[in-house]
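Reading through the structure tokens given below for one structure.
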Amino acid sequence: MPIKILDQAVVSRIAAGEVVERPASVVKELVENSLDAGSSQISIEVKDGGVSLVRVTDNGSGIKPGELELAFQRYATSKIARLSDLESITSLGFRGEALPSIAAVSEVEVVACATNNPSGNYLSLKEGVGVDRGRRGRARGTTISVRNLLRNVPARLKFLKSATTENSHIANIVTQYALAYPEVRFSLSIDGRKALRTPGSGQLMDSIVEVYGAETARDMLQLGGGDKKWEGGTTSASVRVTGMVGSPTISRSNRNYLSFFVNRRWINSRLLAWAVEEAYHGLLMQGKHPVAVINIEISPEEVDVNVHPTKTEVKFRDERSVFGAVQKAVRRALVELAPVPGIEEVATAYGAPGQSGRTLWTSPPTDFTPAASPPAATQPTPVMSLPALRLLGQLSGSYIVAEGPEGLYLIDQHAAHERIVFEKVLKQSSQREVEVQGLLEPSTLEVSPGQDEVLKTHYQGLSEFGFSLEPFGDRTYLVRAVPALLHSRDWAATLRELLDSLLAERNSDWREKLAVSISCHSAIRAGQVLTDDEMRELLRRLEQTDIPNTCPHGRPTIIRLSTAQLEKEFHRT
Ligand code: ADP
Ligand code: MG
């Protein structure tokens, strides 16, 4: 599309505000322009925290000589043309404001070549006005140099932090885009020092190695593609979640290692950070945060990027489904790929990173099969489908000991039963077939003001799970029936615990939370002696679950000791 000035109707709909807050904003806008121009190489050079110089060179489409001056006009853009384009933005830029805003507060020189013969044109601007122009040789692409940023606005210059701080903001921006675009070769030089260089191989893993180091990269787990079973039937938008997350063995003490991209636009999102942290629930220590690099592919109509001038915030049409899709994709990777403790082979079966081969943003695996099959001789049992097990006995009244084709299996009876009940409860509630137990005498349940607030929004939904509740005066409910599974248990405690956890994390999936609470409170306990028949029944039902190897909290249900491992232990010399 040629560059054109947007008409007033479109301009009035563009979120107004300052684009150039600090040198890093200039870097962000220029890099986004280079990416929009289809570049495969982008190099960024900064001096003195970006105040003396920000230069971005790319090998993209370039700018035609006749459009150079136009590109620096306010609201001039080649990326959208009419009002309806705002509804489905596919480029990073669309406002036509970055170049004029930058030029207004600095000295800019642009050299661009839009053809394959290496002759380009340049234009110099001072305070937004063209002062020099002419021809200059260069290969296809664009170089924009920004000097003396904010020197003509001392009031704003004063608010900049030290060069070190500004550099770290710049490095962060480049890092994020390097992660988002592994197929682009990025290089960042700060005061003549190489700060970052990515190979542009197209492999996300390669970018992660450059950004976070090989050691962290080794512990990253790949997210699968969207699988209907996990996204649930409530997803109205089709959301695809790809990328990598750290295994729970690596954690950080802040949230700076969470990167989110929506259609590869880097964004800040507390919602998504929360969705990821929810997925790690119970797997990281208090105060620890995960490492994650996540791209959300969603149809452009389902997301509004025109909410903030810096385009770092987006609004999803259906926040809940995005939240759910991210949380489930991460959880699944953790459950599926995180190694079962103590058994190296099982970890390899799930393609621990390094084993599973490198992966592309564009081709995440869409099923449960490990990316690389281990050699046949050591082919371990895929834990996702438990083999038929032969009962040997019970250990300490808490663990079931069984034999399987690959060796000895120890099953945590409480965790295993939780998994069985969890899946059963979810299935029954979705089929509206929950086993309900009426109470002989209706019972009253008094709740706190906070719990009451949650209960008001959920008490009807709770009936799907077998709770029959009616409002009964001030913060009191009349309970007529409860899920049969909880009948002889402390169902009031289960309910209160659920309300408290929903109060703490309002956006979470309450159905899943409820199923977790019910399963946790109704499952057989550790220390409970079981008969052989009971244990056989438990094993049989565990084999039939979708994810037999973890409980709903994500903890392992099974530990396996392979015959090969036993042999190694016994014949060690
Ligand atoms: P926007 O990106 O919102 O369109 P900008 O002010 O950032 O607005 O850029 C204006 C126009 O200049 C762009 O629409 C694009 O046509 C052109 N342009 C800017 N930078 C580049 C570049 N690196 N390569 C090719 N074209 C560019
Ligand atoms: Mg732009």
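Residues in the structure tokens are named by chain (A, B, ... in the order shown) and by number from 1 within that chain; ligands are numbered from 1 in the order shown.
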Residues at most 6 Å from ligand 2, using only C-alpha atoms and all ligand atoms? Could they come as a compact mmCIF listing (two decimals) with N, CA and C atoms, in the first residue's frame?
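Final output, result_9.txt:
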# COMPACT_ATOMS: atom_id res chain seq x y z
N GLU A 29 9.43 1.78 18.30
CA GLU A 29 8.70 2.18 17.10
C GLU A 29 9.50 1.87 15.83
N ASN A 33 8.56 -0.81 12.88
CA ASN A 33 8.49 -0.45 11.45
C ASN A 33 9.32 -1.40 10.61
N GLY A 93 2.41 -1.50 13.36
CA GLY A 93 2.05 -0.08 13.34
C GLY A 93 0.73 0.11 12.62
N ALA A 98 4.48 7.58 14.65
CA ALA A 98 5.79 7.41 15.25
C ALA A 98 6.84 8.32 14.60
- Message: Env of region 520-531 of chain A: 7 Å cut, atoms = only C-alpha atoms, seq-sep filter 6 positions within chain, self excluded. Answer as an MDAnalysis selection string.
- Response: chainID A and resid 396:398 413:414 417:418 485:486 489 494
Can those selected residues be exported to a file as a PDB file, in the first residue's frame so that it contains all heavy atoms?
ATOM      1  N   SER A 396       3.169 -48.870  53.697  1.00  0.00           N
ATOM      2  CA  SER A 396       2.888 -47.839  54.714  1.00  0.00           C
ATOM      3  C   SER A 396       1.427 -47.381  54.714  1.00  0.00           C
ATOM      4  O   SER A 396       1.161 -46.235  55.084  1.00  0.00           O
ATOM      5  CB  SER A 396       3.758 -46.596  54.501  1.00  0.00           C
ATOM      6  OG  SER A 396       5.072 -46.930  54.293  1.00  0.00           O
ATOM      7  N   GLY A 397       0.525 -48.180  54.244  1.00  0.00           N
ATOM      8  CA  GLY A 397      -0.888 -47.785  54.227  1.00  0.00           C
ATOM      9  C   GLY A 397      -1.145 -46.601  53.305  1.00  0.00           C
ATOM     10  O   GLY A 397      -2.207 -45.987  53.351  1.00  0.00           O
ATOM     11  N   SER A 398      -0.173 -46.234  52.479  1.00  0.00           N
ATOM     12  CA  SER A 398      -0.327 -45.033  51.661  1.00  0.00           C
ATOM     13  C   SER A 398       0.003 -45.236  50.186  1.00  0.00           C
ATOM     14  O   SER A 398      -0.472 -44.471  49.346  1.00  0.00           O
ATOM     15  CB  SER A 398       0.571 -43.918  52.185  1.00  0.00           C
ATOM     16  OG  SER A 398       0.253 -43.625  53.521  1.00  0.00           O
ATOM     17  N   GLN A 413      -1.781 -43.382  46.781  1.00  0.00           N
ATOM     18  CA  GLN A 413      -3.215 -43.689  46.698  1.00  0.00           C
ATOM     19  C   GLN A 413      -4.119 -42.457  46.779  1.00  0.00           C
ATOM     20  O   GLN A 413      -5.116 -42.361  46.088  1.00  0.00           O
ATOM     21  CB  GLN A 413      -3.626 -44.731  47.754  1.00  0.00           C
ATOM     22  CG  GLN A 413      -3.478 -44.242  49.195  1.00  0.00           C
ATOM     23  CD  GLN A 413      -3.606 -45.382  50.199  1.00  0.00           C
ATOM     24  OE1 GLN A 413      -3.101 -46.479  49.958  1.00  0.00           O
ATOM     25  NE2 GLN A 413      -4.300 -45.132  51.304  1.00  0.00           N
ATOM     26  N   HIS A 414      -3.714 -41.481  47.608  1.00  0.00           N
ATOM     27  CA  HIS A 414      -4.550 -40.273  47.721  1.00  0.00           C
ATOM     28  C   HIS A 414      -4.501 -39.484  46.408  1.00  0.00           C
ATOM     29  O   HIS A 414      -5.534 -39.118  45.848  1.00  0.00           O
ATOM     30  CB  HIS A 414      -4.076 -39.399  48.886  1.00  0.00           C
ATOM     31  CG  HIS A 414      -4.788 -38.074  48.966  1.00  0.00           C
ATOM     32  ND1 HIS A 414      -6.118 -37.957  49.303  1.00  0.00           N
ATOM     33  CD2 HIS A 414      -4.352 -36.806  48.713  1.00  0.00           C
ATOM     34  CE1 HIS A 414      -6.475 -36.677  49.255  1.00  0.00           C
ATOM     35  NE2 HIS A 414      -5.416 -35.956  48.906  1.00  0.00           N
ATOM     36  N   HIS A 417      -6.372 -41.272  43.639  1.00  0.00           N
ATOM     37  CA  HIS A 417      -7.820 -41.204  43.784  1.00  0.00           C
ATOM     38  C   HIS A 417      -8.338 -39.800  43.477  1.00  0.00           C
ATOM     39  O   HIS A 417      -9.384 -39.616  42.867  1.00  0.00           O
ATOM     40  CB  HIS A 417      -8.234 -41.658  45.191  1.00  0.00           C
ATOM     41  CG  HIS A 417      -9.694 -41.990  45.293  1.00  0.00           C
ATOM     42  ND1 HIS A 417     -10.438 -41.785  46.423  1.00  0.00           N
ATOM     43  CD2 HIS A 417     -10.553 -42.510  44.372  1.00  0.00           C
ATOM     44  CE1 HIS A 417     -11.697 -42.153  46.191  1.00  0.00           C
ATOM     45  NE2 HIS A 417     -11.790 -42.607  44.959  1.00  0.00           N
ATOM     46  N   GLU A 418      -7.543 -38.790  43.864  1.00  0.00           N
ATOM     47  CA  GLU A 418      -7.917 -37.411  43.536  1.00  0.00           C
ATOM     48  C   GLU A 418      -8.069 -37.247  42.024  1.00  0.00           C
ATOM     49  O   GLU A 418      -9.014 -36.628  41.544  1.00  0.00           O
ATOM     50  CB  GLU A 418      -6.816 -36.449  43.987  1.00  0.00           C
ATOM     51  CG  GLU A 418      -6.963 -35.917  45.382  1.00  0.00           C
ATOM     52  CD  GLU A 418      -5.904 -34.846  45.631  1.00  0.00           C
ATOM     53  OE1 GLU A 418      -4.734 -35.029  45.249  1.00  0.00           O
ATOM     54  OE2 GLU A 418      -6.258 -33.829  46.211  1.00  0.00           O
ATOM     55  N   LEU A 485     -20.557 -37.582  46.571  1.00  0.00           N
ATOM     56  CA  LEU A 485     -19.175 -37.846  46.963  1.00  0.00           C
ATOM     57  C   LEU A 485     -18.792 -37.193  48.290  1.00  0.00           C
ATOM     58  O   LEU A 485     -17.895 -37.646  48.985  1.00  0.00           O
ATOM     59  CB  LEU A 485     -18.235 -37.284  45.888  1.00  0.00           C
ATOM     60  CG  LEU A 485     -18.054 -38.098  44.619  1.00  0.00           C
ATOM     61  CD1 LEU A 485     -17.383 -37.245  43.555  1.00  0.00           C
ATOM     62  CD2 LEU A 485     -17.199 -39.334  44.921  1.00  0.00           C
ATOM     63  N   LEU A 486     -19.466 -36.093  48.603  1.00  0.00           N
ATOM     64  CA  LEU A 486     -19.104 -35.343  49.799  1.00  0.00           C
ATOM     65  C   LEU A 486     -20.059 -35.589  50.959  1.00  0.00           C
ATOM     66  O   LEU A 486     -19.888 -35.031  52.038  1.00  0.00           O
ATOM     67  CB  LEU A 486     -19.085 -33.830  49.502  1.00  0.00           C
ATOM     68  CG  LEU A 486     -17.971 -33.314  48.602  1.00  0.00           C
ATOM     69  CD1 LEU A 486     -18.162 -31.827  48.337  1.00  0.00           C
ATOM     70  CD2 LEU A 486     -16.607 -33.554  49.243  1.00  0.00           C
ATOM     71  N   ARG A 489     -18.696 -36.383  54.137  1.00  0.00           N
ATOM     72  CA  ARG A 489     -17.500 -35.580  54.429  1.00  0.00           C
ATOM     73  C   ARG A 489     -17.919 -34.204  54.903  1.00  0.00           C
ATOM     74  O   ARG A 489     -19.100 -33.874  54.942  1.00  0.00           O
ATOM     75  CB  ARG A 489     -16.646 -35.425  53.157  1.00  0.00           C
ATOM     76  CG  ARG A 489     -16.397 -36.699  52.420  1.00  0.00           C
ATOM     77  CD  ARG A 489     -15.313 -37.497  53.112  1.00  0.00           C
ATOM     78  NE  ARG A 489     -15.126 -38.787  52.454  1.00  0.00           N
ATOM     79  CZ  ARG A 489     -13.945 -39.356  52.301  1.00  0.00           C
ATOM     80  NH1 ARG A 489     -12.861 -38.761  52.738  1.00  0.00           N
ATOM     81  NH2 ARG A 489     -13.857 -40.531  51.730  1.00  0.00           N
ATOM     82  N   THR A 494     -15.460 -27.809  52.459  1.00  0.00           N
ATOM     83  CA  THR A 494     -15.093 -27.816  51.042  1.00  0.00           C
ATOM     84  C   THR A 494     -15.614 -26.551  50.365  1.00  0.00           C
ATOM     85  O   THR A 494     -14.893 -25.884  49.616  1.00  0.00           O
ATOM     86  CB  THR A 494     -15.708 -29.048  50.335  1.00  0.00           C
ATOM     87  OG1 THR A 494     -15.407 -30.199  51.103  1.00  0.00           O
ATOM     88  CG2 THR A 494     -15.191 -29.194  48.923  1.00  0.00           C
TER      89      THR A 494
END
- Message: Neighbours of ligand 1 at 6 Å or closer, counting only C-alpha atoms and all ligand atoms: which residues, as a ChimeraX atom specification?
- Response: /A:3,33-34,37,60-63,71,76-79,93-99,142
Just write the chosen residues, N, CA, C and O atoms, as a tab-separated table (two decimals), in the first residue's frame.
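The result, stored in result_12.tsv:
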chain	number	residue	atom	x	y	z
A	3	ILE	N	1.94	5.11	1.04
A	3	ILE	CA	1.72	5.88	2.27
A	3	ILE	C	0.68	6.96	1.97
A	3	ILE	O	0.77	7.66	0.96
A	33	ASN	N	8.56	-0.81	12.88
A	33	ASN	CA	8.49	-0.45	11.45
A	33	ASN	C	9.32	-1.40	10.61
A	33	ASN	O	8.91	-1.81	9.53
A	34	SER	N	10.51	-1.76	11.11
A	34	SER	CA	11.37	-2.68	10.35
A	34	SER	C	10.71	-4.04	10.22
A	34	SER	O	10.79	-4.67	9.17
A	37	ALA	N	8.05	-4.00	7.73
A	37	ALA	CA	8.58	-3.92	6.37
A	37	ALA	C	9.13	-5.27	5.90
A	37	ALA	O	9.73	-5.36	4.84
A	60	GLY	N	14.45	-4.41	4.95
A	60	GLY	CA	13.05	-4.59	4.56
A	60	GLY	C	12.71	-3.91	3.24
A	60	GLY	O	13.59	-3.65	2.41
A	61	SER	N	11.44	-3.59	3.09
A	61	SER	CA	10.95	-3.13	1.79
A	61	SER	C	11.44	-1.74	1.39
A	61	SER	O	11.32	-1.35	0.23
A	62	GLY	N	11.97	-0.98	2.36
A	62	GLY	CA	12.44	0.37	2.04
A	62	GLY	C	11.28	1.34	1.86
A	62	GLY	O	10.10	0.96	1.98
A	63	ILE	N	11.63	2.60	1.60
A	63	ILE	CA	10.59	3.61	1.38
A	63	ILE	C	10.89	4.26	0.03
A	63	ILE	O	12.04	4.62	-0.24
A	71	ALA	N	6.22	10.17	4.80
A	71	ALA	CA	6.28	9.26	5.95
A	71	ALA	C	6.40	10.02	7.27
A	71	ALA	O	6.03	9.51	8.32
A	76	ALA	N	0.38	9.71	8.60
A	76	ALA	CA	0.68	9.13	7.30
A	76	ALA	C	1.10	7.68	7.52
A	76	ALA	O	2.01	7.41	8.29
A	77	THR	N	0.41	6.77	6.89
A	77	THR	CA	0.72	5.35	7.06
A	77	THR	C	0.41	4.56	5.79
A	77	THR	O	-0.47	4.97	5.01
A	78	SER	N	1.13	3.48	5.62
A	78	SER	CA	0.84	2.59	4.50
A	78	SER	C	0.12	1.34	5.00
A	78	SER	O	-0.10	0.41	4.26
A	79	LYS	N	-0.22	1.33	6.30
A	79	LYS	CA	-0.67	0.06	6.90
A	79	LYS	C	-2.18	-0.06	7.02
A	79	LYS	O	-2.70	-1.17	7.03
A	93	GLY	N	2.41	-1.50	13.36
A	93	GLY	CA	2.05	-0.08	13.34
A	93	GLY	C	0.73	0.11	12.62
A	93	GLY	O	0.28	-0.77	11.88
A	94	PHE	N	0.10	1.26	12.86
A	94	PHE	CA	-1.14	1.57	12.13
A	94	PHE	C	-1.54	3.02	12.36
A	94	PHE	O	-2.46	3.52	11.75
A	95	ARG	N	-0.79	3.71	13.24
A	95	ARG	CA	-1.22	5.03	13.66
A	95	ARG	C	-0.61	6.16	12.83
A	95	ARG	O	-1.09	7.28	12.86
A	96	GLY	N	0.48	5.87	12.14
A	96	GLY	CA	1.13	6.91	11.35
A	96	GLY	C	1.65	8.06	12.18
A	96	GLY	O	1.72	9.19	11.73
A	97	GLU	N	2.02	7.77	13.42
A	97	GLU	CA	2.43	8.85	14.31
A	97	GLU	C	3.87	8.78	14.76
A	97	GLU	O	4.40	9.77	15.25
A	98	ALA	N	4.48	7.58	14.65
A	98	ALA	CA	5.79	7.41	15.25
A	98	ALA	C	6.84	8.32	14.60
A	98	ALA	O	7.51	9.09	15.30
A	99	LEU	N	6.99	8.25	13.28
A	99	LEU	CA	8.05	9.02	12.64
A	99	LEU	C	7.88	10.53	12.89
A	99	LEU	O	8.84	11.18	13.31
A	142	THR	N	16.07	0.16	4.97
A	142	THR	CA	15.93	1.50	5.53
A	142	THR	C	16.86	1.66	6.74
A	142	THR	O	17.03	0.72	7.52
- Message: Under the rule that only C-alpha atoms are counted, which of A:Tyr212, A:Phe472, A:Trp266, A:Phe159 is the nearest residue to Ile173 (chain A)?
- Response: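 Among the listed residues, A:Trp266 lies closest to Ile173 (chain A).
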- Task: Run DSSP on the backbone of this structure and report the residues of region 179-248 of chain A it assigns to strand (DSSP E or B), as a list in words.
- Result: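 Answer for region 179-248 of chain A, restricted to strand (DSSP E or B): Arg185, Phe186, Ser187, Leu188, Ser189, Ile190, Arg193, Lys194, Ala195, Leu196, Arg197, Gln203, Met220, Leu221, Gln222, Arg240, Val241, Thr242, Gly243, Met244, Val245 and Gly246 of chain A.
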Any chance you can output those residues with N, CA and C atoms as a compact mmCIF listing (two decimals), in the first residue's frame?
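Output below, filename part-v6.txt:
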# COMPACT_ATOMS: atom_id res chain seq x y z
N ARG A 185 17.17 -11.82 12.21
CA ARG A 185 18.47 -11.70 12.84
C ARG A 185 18.58 -10.32 13.49
N PHE A 186 18.62 -10.30 14.80
CA PHE A 186 18.70 -9.03 15.52
C PHE A 186 20.12 -8.82 16.02
N SER A 187 20.57 -7.56 15.99
CA SER A 187 21.79 -7.28 16.74
C SER A 187 21.61 -5.94 17.43
N LEU A 188 22.07 -5.89 18.65
CA LEU A 188 21.96 -4.64 19.41
C LEU A 188 23.35 -4.27 19.89
N SER A 189 23.75 -3.03 19.58
CA SER A 189 25.03 -2.58 20.11
C SER A 189 24.79 -1.34 20.95
N ILE A 190 25.34 -1.37 22.15
CA ILE A 190 25.18 -0.26 23.08
C ILE A 190 26.55 0.37 23.32
N ARG A 193 29.36 -1.66 22.14
CA ARG A 193 29.45 -3.00 22.70
C ARG A 193 28.31 -3.85 22.16
N LYS A 194 28.59 -5.08 21.76
CA LYS A 194 27.51 -5.97 21.32
C LYS A 194 26.72 -6.43 22.55
N ALA A 195 25.47 -6.07 22.59
CA ALA A 195 24.67 -6.46 23.76
C ALA A 195 23.83 -7.69 23.47
N LEU A 196 23.44 -7.86 22.23
CA LEU A 196 22.62 -9.03 21.89
C LEU A 196 22.75 -9.32 20.40
N ARG A 197 22.77 -10.60 20.10
CA ARG A 197 22.78 -10.98 18.69
C ARG A 197 22.03 -12.29 18.58
N GLN A 203 14.17 -20.64 14.91
CA GLN A 203 13.90 -21.51 16.05
C GLN A 203 13.82 -20.66 17.32
N MET A 220 13.50 -25.45 29.37
CA MET A 220 12.25 -24.90 28.86
C MET A 220 11.40 -26.02 28.26
N LEU A 221 10.11 -25.95 28.48
CA LEU A 221 9.18 -26.95 27.96
C LEU A 221 8.35 -26.31 26.86
N GLN A 222 8.09 -27.08 25.85
CA GLN A 222 7.34 -26.51 24.74
C GLN A 222 5.83 -26.63 24.93
N ARG A 240 -4.85 -19.83 19.79
CA ARG A 240 -3.79 -20.82 19.71
C ARG A 240 -2.62 -20.31 20.53
N VAL A 241 -2.17 -21.13 21.42
CA VAL A 241 -1.12 -20.70 22.34
C VAL A 241 0.14 -21.48 22.03
N THR A 242 1.23 -20.79 21.71
CA THR A 242 2.49 -21.47 21.42
C THR A 242 3.62 -20.81 22.20
N GLY A 243 4.76 -21.45 22.20
CA GLY A 243 5.90 -20.88 22.90
C GLY A 243 6.53 -21.87 23.85
N MET A 244 7.24 -21.34 24.84
CA MET A 244 7.92 -22.21 25.79
C MET A 244 7.80 -21.66 27.20
N VAL A 245 7.74 -22.56 28.15
CA VAL A 245 7.72 -22.15 29.56
C VAL A 245 8.80 -22.92 30.31
N GLY A 246 9.28 -22.31 31.39
CA GLY A 246 10.31 -22.97 32.18
C GLY A 246 9.73 -24.12 32.98
- Query: Hey, which of A:Leu502, A:Leu283, A:Leu445, A:Val110 ends up closest to Arg147 (chain A)? Count only C-alpha atoms.
  - Reply: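 Selected residue with least distance to Arg147 (chain A): A:Val110.
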- Query: With only C-alpha atoms as the atoms that count, which of A:Gly120, A:Tyr181, A:Thr175, A:Ile14 lies nearest to Ser39 (chain A)?
  - Reply: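 For Ser39 (chain A), the nearest of the candidates is A:Tyr181.
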- Task: Tell me which of A:Gln437, A:Ser201, A:Thr249, A:Gln176 sits closest to Phe261 (chain A), counting only C-alpha atoms.
- Result: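 Of A:Gln437, A:Ser201, A:Thr249, A:Gln176, the one nearest Phe261 (chain A) is A:Gln176, counting only C-alpha atoms.
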- Message: Just want the 6 Å neighbourhood of Val262 (chain A), counted on only C-alpha atoms, with same-chain residues fewer than 2 positions away dropped. Output as a ChimeraX atom specification.
- Response: /A:264-265,295-296
- Task: Rank nothing, just name the residue among A:Glu336, A:Pro442, A:Val10, A:Lys64 nearest to Gly224 (chain A), using only C-alpha atoms.
- Result: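 Of A:Glu336, A:Pro442, A:Val10, A:Lys64, the one nearest Gly224 (chain A) is A:Glu336, counting only C-alpha atoms.
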- Message: Could you check the closest approach to Gln565 (chain A) for each of A:Asp36, A:Glu406, A:Glu543, A:Glu512 and tell me which residue wins, using only C-alpha atoms?
- Response: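 For Gln565 (chain A), the nearest of the candidates is A:Glu406.
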- Query: Which residues come within 6 Å of Thr57 (chain A), counting only C-alpha atoms, excluding same-chain residues fewer than 2 positions away, as a PyMOL selection string?
  - Reply: chain A and resi 42-43+142-143
Could you save the residues just selected, with C-alpha atoms, as a compact mmCIF listing (two decimals), in the first residue's frame?
# COMPACT_ATOMS: atom_id res chain seq x y z
CA ILE A 42 17.55 -5.62 12.00
CA SER A 43 20.45 -3.97 13.74
CA THR A 142 15.93 1.50 5.53
CA THR A 143 18.27 3.15 8.03
- Residues near Asn256 (chain A), cut-off 10 Å, only C-alpha atoms, skip fewer than 5 positions along chain, as a ChimeraX atom specification: /A:172,289-292
- Identify, on the basis of only C-alpha atoms, every residue whose closest approach to Pro552 (chain A) does not exceed 9 Å; exclude the query and any residue fewer than 6 positions from it along the same chain; express the result as a PyMOL selection string. chain A and resi 415+418-419+422-423+515-516+519-520
Restricted to N, CA and C atoms, what would the selected residues look like written as a CSV table (one decimal), in the first residue's frame?
chain,number,residue,atom,x,y,z
A,415,ALA,N,-3.3,-39.2,45.9
A,415,ALA,CA,-3.1,-38.5,44.7
A,415,ALA,C,-3.8,-39.2,43.5
A,418,GLU,N,-7.5,-38.8,43.9
A,418,GLU,CA,-7.9,-37.4,43.5
A,418,GLU,C,-8.1,-37.2,42.0
A,419,ARG,N,-7.1,-37.8,41.3
A,419,ARG,CA,-7.2,-37.7,39.8
A,419,ARG,C,-8.4,-38.4,39.3
A,422,PHE,N,-11.5,-36.3,40.3
A,422,PHE,CA,-11.5,-35.0,39.6
A,422,PHE,C,-12.1,-35.1,38.2
A,423,GLU,N,-11.5,-36.1,37.5
A,423,GLU,CA,-12.0,-36.3,36.1
A,423,GLU,C,-13.5,-36.7,36.1
A,515,ALA,N,-14.0,-28.8,41.2
A,515,ALA,CA,-13.7,-30.2,41.0
A,515,ALA,C,-12.4,-30.6,41.8
A,516,VAL,N,-11.5,-29.7,41.9
A,516,VAL,CA,-10.3,-30.0,42.6
A,516,VAL,C,-10.6,-30.1,44.1
A,519,SER,N,-12.5,-33.3,44.8
A,519,SER,CA,-11.7,-34.5,44.7
A,519,SER,C,-10.8,-34.6,45.9
A,520,CYS,N,-10.2,-33.4,46.3
A,520,CYS,CA,-9.3,-33.4,47.4
A,520,CYS,C,-10.0,-33.9,48.7
- Task: Identify, on the basis of only C-alpha atoms, every residue whose closest approach to Gly287 (chain A) does not exceed 12 Å; exclude the query and any residue fewer than 2 positions from it along the same chain; express the result as a ChimeraX atom specification.
- Result: /A:251-255,277,281-285,289-290
